[in-house]
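J.: Handing you this structure, nothing more for now.
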Amino acid sequence: MHYVTVENLTKSFGIKPLFSNITFHINEGDKIAIIAKNGSGKSTLLKILSGQDVADSGKVWIHKEVTVALFEQDPKFNEELSILDNIFHANHPVVNAIRDYELACESTDDDGTLMSQALEKMDELNAWDFDTKVKQILGKLNIHHLNQDVKTLSGGQRKRVALAQTLIDIGFEHKHILLIMDEPTNHLDVEMVEWLEHYLNQEKITLILVTHDRYFLDAVCNNIWEIDGSTINFYKGDYETYMEQKAARIDSEMATIDKAKNLYRKELEWMRKQPKARTTKSKSRQDNFYDVEAVAKKRIEDNKVSLQMKMNRLGGKIAELKKVYKSFDEKHILKGFDYTFNKGERLGIIGKNGAGKSTFLQILQGEAEPDSGKVNIGDTIVFGNFSQQGLEIKEDMRVIEYVKNIAENFPLAKGGTISAAQFLELFLFSPDQQYTYLSKLSGGEKKRLQLLAVLFRNPNFLILDEPTNDLDLPTLGVLERFLSDFGGCLLIVSHDRYFMDRLVDHLFVFEGEGKITDFPGNYSDYRIWEKTRERNDTTVKGTQLSTEEKAEVMAAPEVKIKRKLSFKEQKELEQLEQDMPTLEREKVEIAQKMTENNSFEELQKLSNRAIEITQLLESKELRWLELSE
């Protein structure tokens, strides 16, 4: 069954075309992720499908039996109403019964009448199953105090309330549902994201979404659509398959463009030689020339960046925290914290909101004072801080002017520099976009520029606080490749599991009340370890496990954490892989020389060197095995 049919859809933003003459179907059971650079029309397409925006031309047909639900990035509420009234806004008998029941549960003035009436209505409509689902949604998204006005909520709380509202709305619909979601994982911690993955897989819904969370994408979606240069490309499978198929498509297009360029040069020469009066045959060739020209001049944006930066030199001393204490009233943030940062440190920070992650970053950078203890920062350290506060704009100016105010050029490791304009292009700001005013940038584009501005200052100790929020997947790919080559210290606070797994090799886990655990592995390693620890807990909600259940838990295989190599260790491994073959060759050469006519002294030297090489090889092979494992 076709839920949605779209034919020749075209939409522009001012003079900029977002997409042009795109055609597609959404079928029952499809779970689709849309990928594109910020400003390419992802959110606009979702709004057109939900009826909140209209296209310039083309047709959108939605099956009459399909109910469309939209979860937006910027949720809209009735600000004067409570969380409860906003969530249960739909005028549906079951929803009304549950709202009245939840209201009775929250009420402190009820003499029993409200509860009695609510229970009677719940029984009459058999609403208890749905109420269980509602309680699960609210509990998993950490939504409590339902009588609180929505206007008092933080940005993250508003997003979670909007998500709960959307999931509850589709929960009482028994029709065919098309759920449209724009960045649903923003402001959710990893437990919430994992629960949402499971929930969406359990529900019988058709889904189209925009997300930057690649693990979430892989867990939920089976199709990837990419908006690229006002056209749309379709891929089946997970994110890795998409990357492979996209690379193959780009290679094919590049080959086509190369052929077209060769033909274009020949045809251009013919065009210049032709008289103005043309025969029908030459007119046909002329028309074909313009088609060839369009292909030859097509620009393929393959967002691969390899940038060996000439980083400010790191001295022997990086940063050292000794017996650091920090509290706010009765709330402990740090309790005697000790740590010495090393060169090439790649550290992730995770923990519940309010556990003290931001305060720790401020203390490290000297923006906040500890209650006691010492924080010693090396003289050569240049911090680069990408914060959640966003781009600081003192006056409106063009993008290129903003970057040039930081520096005209960016130094490269092998000598030379690249200009501000070239650096902007590496981070997906086209020459036209570079002359856009800051005030005209989208939220995601401002985040990208903020990130670029931090990197352009050439720090050697990077601190990234939730860098993936509002960044599109192409930009994240560029950022990850840049950070993979970054030779300085890297400290990342993020809920993005894929991003953390790719870049960090150990974690600081903020567990609350000043307790910080140094975990030797990446984010996925930690989640596996944490789930195993939960399984090995012999009580569940205060109830003792049976003998059989305990035996099953005890028999469960121990999870071994495979730690990712640090930057320094990776370089050491690469050096070992160069050294060992060289020593092997020298060993063979010495063995050959010892068969020749040599003096006693020469034989003694060769023998000593052979022993030395054997010992070196043994130690290097042991270290290579250790690092490889």
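Residue names in the structure tokens use chain letters A, B, ... in the order shown, residue numbers from 1 in each chain, and ligand numbers from 1 in the order shown.
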With a distance cut-off of 7 Å and only C-alpha atoms, select the neighbouring residues of region 608-622 of chain A, excluding the residue or stretch itself and same-chain residues fewer than 3 positions from it, and output the selection as a VMD selection string.

T.: chain A and resid 576 580 583 587 590 604 to 605 625 to 626

J.: Could the residues in this selection be written to a file with N, CA and C atoms, as an mmCIF file, in the first residue's frame?

T.:
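again_19.cif was written with the following content:
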data_model
loop_
_atom_site.group_PDB
_atom_site.id
_atom_site.type_symbol
_atom_site.label_atom_id
_atom_site.label_comp_id
_atom_site.auth_asym_id
_atom_site.auth_seq_id
_atom_site.Cartn_x
_atom_site.Cartn_y
_atom_site.Cartn_z
ATOM 1 N N LEU A 576 56.186 0.457 15.102
ATOM 2 C CA LEU A 576 56.608 -0.937 15.275
ATOM 3 C C LEU A 576 56.479 -1.713 13.970
ATOM 4 N N MET A 580 59.977 -3.559 12.604
ATOM 5 C CA MET A 580 60.198 -5.019 12.633
ATOM 6 C C MET A 580 60.685 -5.581 11.296
ATOM 7 N N LEU A 583 64.396 -4.682 10.896
ATOM 8 C CA LEU A 583 65.284 -5.505 11.731
ATOM 9 C C LEU A 583 65.411 -6.920 11.174
ATOM 10 N N LYS A 587 68.837 -8.765 10.070
ATOM 11 C CA LYS A 587 69.205 -10.057 10.642
ATOM 12 C C LYS A 587 69.650 -11.045 9.557
ATOM 13 N N ILE A 590 73.109 -9.996 8.200
ATOM 14 C CA ILE A 590 74.191 -10.361 9.124
ATOM 15 C C ILE A 590 74.509 -11.852 9.008
ATOM 16 N N GLN A 604 82.962 -11.030 15.768
ATOM 17 C CA GLN A 604 82.468 -10.678 17.106
ATOM 18 C C GLN A 604 81.433 -9.564 17.029
ATOM 19 N N LYS A 605 81.692 -8.540 16.197
ATOM 20 C CA LYS A 605 80.753 -7.422 16.038
ATOM 21 C C LYS A 605 79.428 -7.895 15.447
ATOM 22 N N LEU A 625 52.051 -7.285 19.726
ATOM 23 C CA LEU A 625 50.933 -8.167 20.084
ATOM 24 C C LEU A 625 50.033 -7.521 21.117
ATOM 25 N N GLU A 626 50.656 -6.877 22.115
ATOM 26 C CA GLU A 626 49.903 -6.212 23.179
ATOM 27 C C GLU A 626 48.998 -5.121 22.603
#

J.: Set the distance at 10 Å and use only C-alpha atoms: which residues neighbour Ile26 (chain A) once local chain neighbours fewer than 5 positions away are removed? I'd like the list as a VMD selection string.

T.: chain A and resid 1 to 6 31 to 32 62 178 206 to 208

J.: With distances taken over only C-alpha atoms, which of A:Leu18, A:Ala219, A:Leu81, A:Ala118 is nearest to Val95 (chain A)?

T.: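 Going through A:Leu18, A:Ala219, A:Leu81, A:Ala118 one by one, the smallest distance to Val95 (chain A) is for A:Ala118.
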
J.: Kindly indicate which residue among A:Trp624, A:Gly512, A:Asn233, A:Ile250 lies nearest to Gln575 (chain A), using only C-alpha atoms for the distances.

T.: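 Distance minimum relative to Gln575 (chain A) lands on A:Trp624.
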
J.: So how far away is CA of Val493 (chain A) from CA of Leu507 (chain A), in Å?

T.: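 Pair CA of Leu507 (chain A) / CA of Val493 (chain A) returns 9.7 Å.
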
J.: Closest to Leu606 (chain A) among A:Ala90, A:Val60, A:Cys489, A:Met594, using only C-alpha atoms?

T.: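 Of the candidates, the smallest distance to Leu606 (chain A) is held by A:Met594.
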
J.: Find the residues around region 234-242 of chain A up to 7 Å (only C-alpha atoms counted), leave out those fewer than 2 positions away in its own chain, and share them as a short mmCIF file (atom, residue, chain, number, x, y, z; two decimals) with N, CA and C atoms, in the first residue's frame.

T.:
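Output below, filename part-v5.cif:
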data_model
loop_
_atom_site.label_atom_id
_atom_site.label_comp_id
_atom_site.auth_asym_id
_atom_site.auth_seq_id
_atom_site.Cartn_x
_atom_site.Cartn_y
_atom_site.Cartn_z
N ARG A 214 23.87 8.01 14.15
CA ARG A 214 24.00 6.91 13.20
C ARG A 214 23.65 5.54 13.80
N ASP A 218 20.70 3.26 12.25
CA ASP A 218 20.86 1.84 11.90
C ASP A 218 19.85 0.95 12.63
N ASN A 222 15.49 1.32 7.53
CA ASN A 222 15.94 0.35 6.53
C ASN A 222 16.15 0.98 5.15
N ASN A 223 15.92 2.29 5.07
CA ASN A 223 16.16 3.03 3.82
C ASN A 223 16.81 4.36 4.15
N ILE A 224 17.72 4.81 3.30
CA ILE A 224 18.34 6.13 3.45
C ILE A 224 18.13 6.91 2.16
N TRP A 225 17.57 8.11 2.31
CA TRP A 225 17.39 9.01 1.18
C TRP A 225 18.31 10.21 1.39
N GLU A 226 19.05 10.57 0.35
CA GLU A 226 20.01 11.68 0.45
C GLU A 226 19.60 12.79 -0.51
N ILE A 232 17.42 13.83 -5.33
CA ILE A 232 17.35 12.90 -4.21
C ILE A 232 17.83 11.53 -4.68
N GLU A 244 29.09 3.03 1.36
CA GLU A 244 29.73 2.25 0.30
C GLU A 244 29.06 2.53 -1.05
N GLN A 245 27.71 2.54 -1.05
CA GLN A 245 26.98 2.76 -2.30
C GLN A 245 27.17 4.19 -2.80
N LYS A 246 27.27 5.13 -1.86
CA LYS A 246 27.49 6.52 -2.26
C LYS A 246 28.88 6.68 -2.89
#

J.: So which bits of region 358-439 of chain A end up helix (DSSP H, G or I) when you DSSP the backbone, as a list in words?

T.: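 DSSP-assigned helix (DSSP H, G or I) residues in region 358-439 of chain A: Ser358, Thr359, Phe360, Leu361, Gln362, Ile363, Leu364, Val399, Ile400, Glu401, Tyr402, Val403, Lys404, Ala420, Ala421, Gln422, Phe423, Leu424, Glu425, Leu426, Gln433, Gln434, Tyr435, Leu438 and Ser439 of chain A.
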
J.: Please produce an output containing C-alpha atoms for each residue in the selection, written as a PDB file, in the first residue's frame.

T.:
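File produced: selection_5.pdb:
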ATOM      1  CA  SER A 358      30.103  21.427  32.667  1.00  0.00           C
ATOM      2  CA  THR A 359      31.550  22.565  36.014  1.00  0.00           C
ATOM      3  CA  PHE A 360      34.503  20.203  35.533  1.00  0.00           C
ATOM      4  CA  LEU A 361      35.209  21.702  32.093  1.00  0.00           C
ATOM      5  CA  GLN A 362      35.066  25.221  33.544  1.00  0.00           C
ATOM      6  CA  ILE A 363      37.521  24.334  36.320  1.00  0.00           C
ATOM      7  CA  LEU A 364      39.912  22.719  33.833  1.00  0.00           C
ATOM      8  CA  VAL A 399      30.714  34.527   7.029  1.00  0.00           C
ATOM      9  CA  ILE A 400      34.097  35.120   5.347  1.00  0.00           C
ATOM     10  CA  GLU A 401      34.593  38.369   7.308  1.00  0.00           C
ATOM     11  CA  TYR A 402      33.814  36.595  10.583  1.00  0.00           C
ATOM     12  CA  VAL A 403      36.521  33.957   9.939  1.00  0.00           C
ATOM     13  CA  LYS A 404      39.080  36.470   8.643  1.00  0.00           C
ATOM     14  CA  ALA A 420      40.110  31.324   5.367  1.00  0.00           C
ATOM     15  CA  ALA A 421      38.029  30.767   2.212  1.00  0.00           C
ATOM     16  CA  GLN A 422      39.659  27.369   1.556  1.00  0.00           C
ATOM     17  CA  PHE A 423      39.128  26.326   5.184  1.00  0.00           C
ATOM     18  CA  LEU A 424      35.460  27.308   4.901  1.00  0.00           C
ATOM     19  CA  GLU A 425      35.104  25.144   1.787  1.00  0.00           C
ATOM     20  CA  LEU A 426      36.580  22.151   3.649  1.00  0.00           C
ATOM     21  CA  GLN A 433      27.580  30.776   1.205  1.00  0.00           C
ATOM     22  CA  GLN A 434      30.757  32.486   2.426  1.00  0.00           C
ATOM     23  CA  TYR A 435      29.234  35.848   1.508  1.00  0.00           C
ATOM     24  CA  LEU A 438      25.525  35.554   9.814  1.00  0.00           C
ATOM     25  CA  SER A 439      21.929  36.510  10.617  1.00  0.00           C
TER      26      SER A 439
END

J.: Using 10 Å as the limit and counting only C-alpha atoms, can you tabulate each residue of region 367-388 of chain A that touches region 311-329 of chain A, with its shortest atom-to-atom distance in Å and the two atoms involved, as a Markdown table?

T.:
| residue | atom | partner | partner_atom | distance |
| --- | --- | --- | --- | --- |
| A:Ala368 | CA | A:Lys326 | CA | 9.9 |
| A:Glu369 | CA | A:Lys326 | CA | 8.4 |
| A:Pro370 | CA | A:Lys326 | CA | 5.3 |
| A:Asp371 | CA | A:Lys326 | CA | 5.1 |
| A:Ser372 | CA | A:Tyr325 | CA | 5.3 |
| A:Gly373 | CA | A:Val324 | CA | 4.2 |
| A:Lys374 | CA | A:Lys322 | CA | 5.1 |
| A:Val375 | CA | A:Leu321 | CA | 4.6 |
| A:Asn376 | CA | A:Glu320 | CA | 5.1 |
| A:Ile377 | CA | A:Ala319 | CA | 4.4 |
| A:Gly378 | CA | A:Ile318 | CA | 4.8 |
| A:Asp379 | CA | A:Gly315 | CA | 7.5 |
| A:Thr380 | CA | A:Leu314 | CA | 5.8 |
| A:Ile381 | CA | A:Leu314 | CA | 6.6 |
| A:Val382 | CA | A:Asn312 | CA | 7.5 |

J.: Let's have the selection written as an mmCIF file, in the first residue's frame, with C-alpha atoms.

T.:
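The result, written out as out_36.cif:
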data_model
loop_
_atom_site.group_PDB
_atom_site.id
_atom_site.type_symbol
_atom_site.label_atom_id
_atom_site.label_comp_id
_atom_site.auth_asym_id
_atom_site.auth_seq_id
_atom_site.Cartn_x
_atom_site.Cartn_y
_atom_site.Cartn_z
ATOM 1 C CA ALA A 368 35.661 28.482 37.617
ATOM 2 C CA GLU A 369 37.616 28.071 40.850
ATOM 3 C CA PRO A 370 37.679 24.794 42.839
ATOM 4 C CA ASP A 371 36.856 24.929 46.552
ATOM 5 C CA SER A 372 40.264 23.375 47.234
ATOM 6 C CA GLY A 373 43.029 21.527 45.427
ATOM 7 C CA LYS A 374 45.307 22.546 42.559
ATOM 8 C CA VAL A 375 44.814 22.813 38.796
ATOM 9 C CA ASN A 376 48.131 23.171 36.939
ATOM 10 C CA ILE A 377 47.989 23.856 33.188
ATOM 11 C CA GLY A 378 51.087 23.610 30.969
ATOM 12 C CA ASP A 379 52.535 26.835 29.557
ATOM 13 C CA THR A 380 52.096 25.685 25.939
ATOM 14 C CA ILE A 381 48.417 24.683 26.249
ATOM 15 C CA VAL A 382 45.943 26.539 23.996
#

J.: One decimal, in Å: what's the spacing between CA of Ala36 (chain A) and CA of Leu70 (chain A)?

T.: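 Taking CA of Ala36 (chain A) as the start and CA of Leu70 (chain A) as the end point, the length is 19.2 Å.
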
J.: For region 447-454 of chain A, find every residue with an atom within 9 Å (counting only C-alpha atoms), except residues of its own chain fewer than 6 positions away, and show them as a PyMOL selection string.

T.: chain A and resi 384-386+390-392+399+402-403+406+423-424+427-429+462+464+467+469-472+475+479

J.: For each of A:Ala591, A:Leu141, A:Ile463, A:Ile349, take the minimum atom-to-atom distance to Met500 (chain A), counting only C-alpha atoms, then give the residue where this is smallest.

T.: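 With only C-alpha atoms as the atom set, the closest residue is A:Ile349.
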
J.: Could you please write out, as a compact mmCIF listing (two decimals) with C-alpha atoms, in the first residue's frame, every residue of region 115-232 of chain A that DSSP assigns to strand (DSSP E or B)?

T.:
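Saved file part15.txt follows:
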# COMPACT_ATOMS: atom_id res chain seq x y z
CA ASP A 149 3.29 24.97 33.14
CA HIS A 176 -2.38 3.40 9.41
CA ILE A 177 0.19 5.85 10.84
CA LEU A 178 2.93 7.80 9.09
CA LEU A 179 5.23 9.19 11.78
CA ILE A 180 7.47 12.09 10.69
CA MET A 181 10.31 12.99 13.08
CA ASP A 182 12.87 15.79 12.88
CA THR A 206 5.68 3.79 8.90
CA LEU A 207 8.47 6.23 9.66
CA ILE A 208 10.39 8.99 7.90
CA LEU A 209 12.92 10.95 9.96
CA VAL A 210 15.94 13.21 10.04
CA ASN A 223 16.16 3.03 3.82
CA ILE A 224 18.34 6.13 3.45
CA TRP A 225 17.39 9.01 1.18
CA GLU A 226 20.01 11.68 0.45
CA ILE A 227 19.14 15.16 -0.78
CA ASP A 228 22.15 16.29 -2.81
CA SER A 230 18.46 19.60 -5.42
CA THR A 231 18.05 15.92 -6.39
CA ILE A 232 17.35 12.90 -4.21

J.: Any idea what the distance is between CA of Ser524 (chain A) and CA of Leu347 (chain A)?

T.: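 Computing it gives 14.1 Å between the two atoms.
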
J.: Which one of A:Ile168, A:His198, A:Glu102, A:Phe130 sits closest to Met115 (chain A) if you count only C-alpha atoms?

T.: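 Going through A:Ile168, A:His198, A:Glu102, A:Phe130 one by one, the smallest distance to Met115 (chain A) is for A:Glu102.
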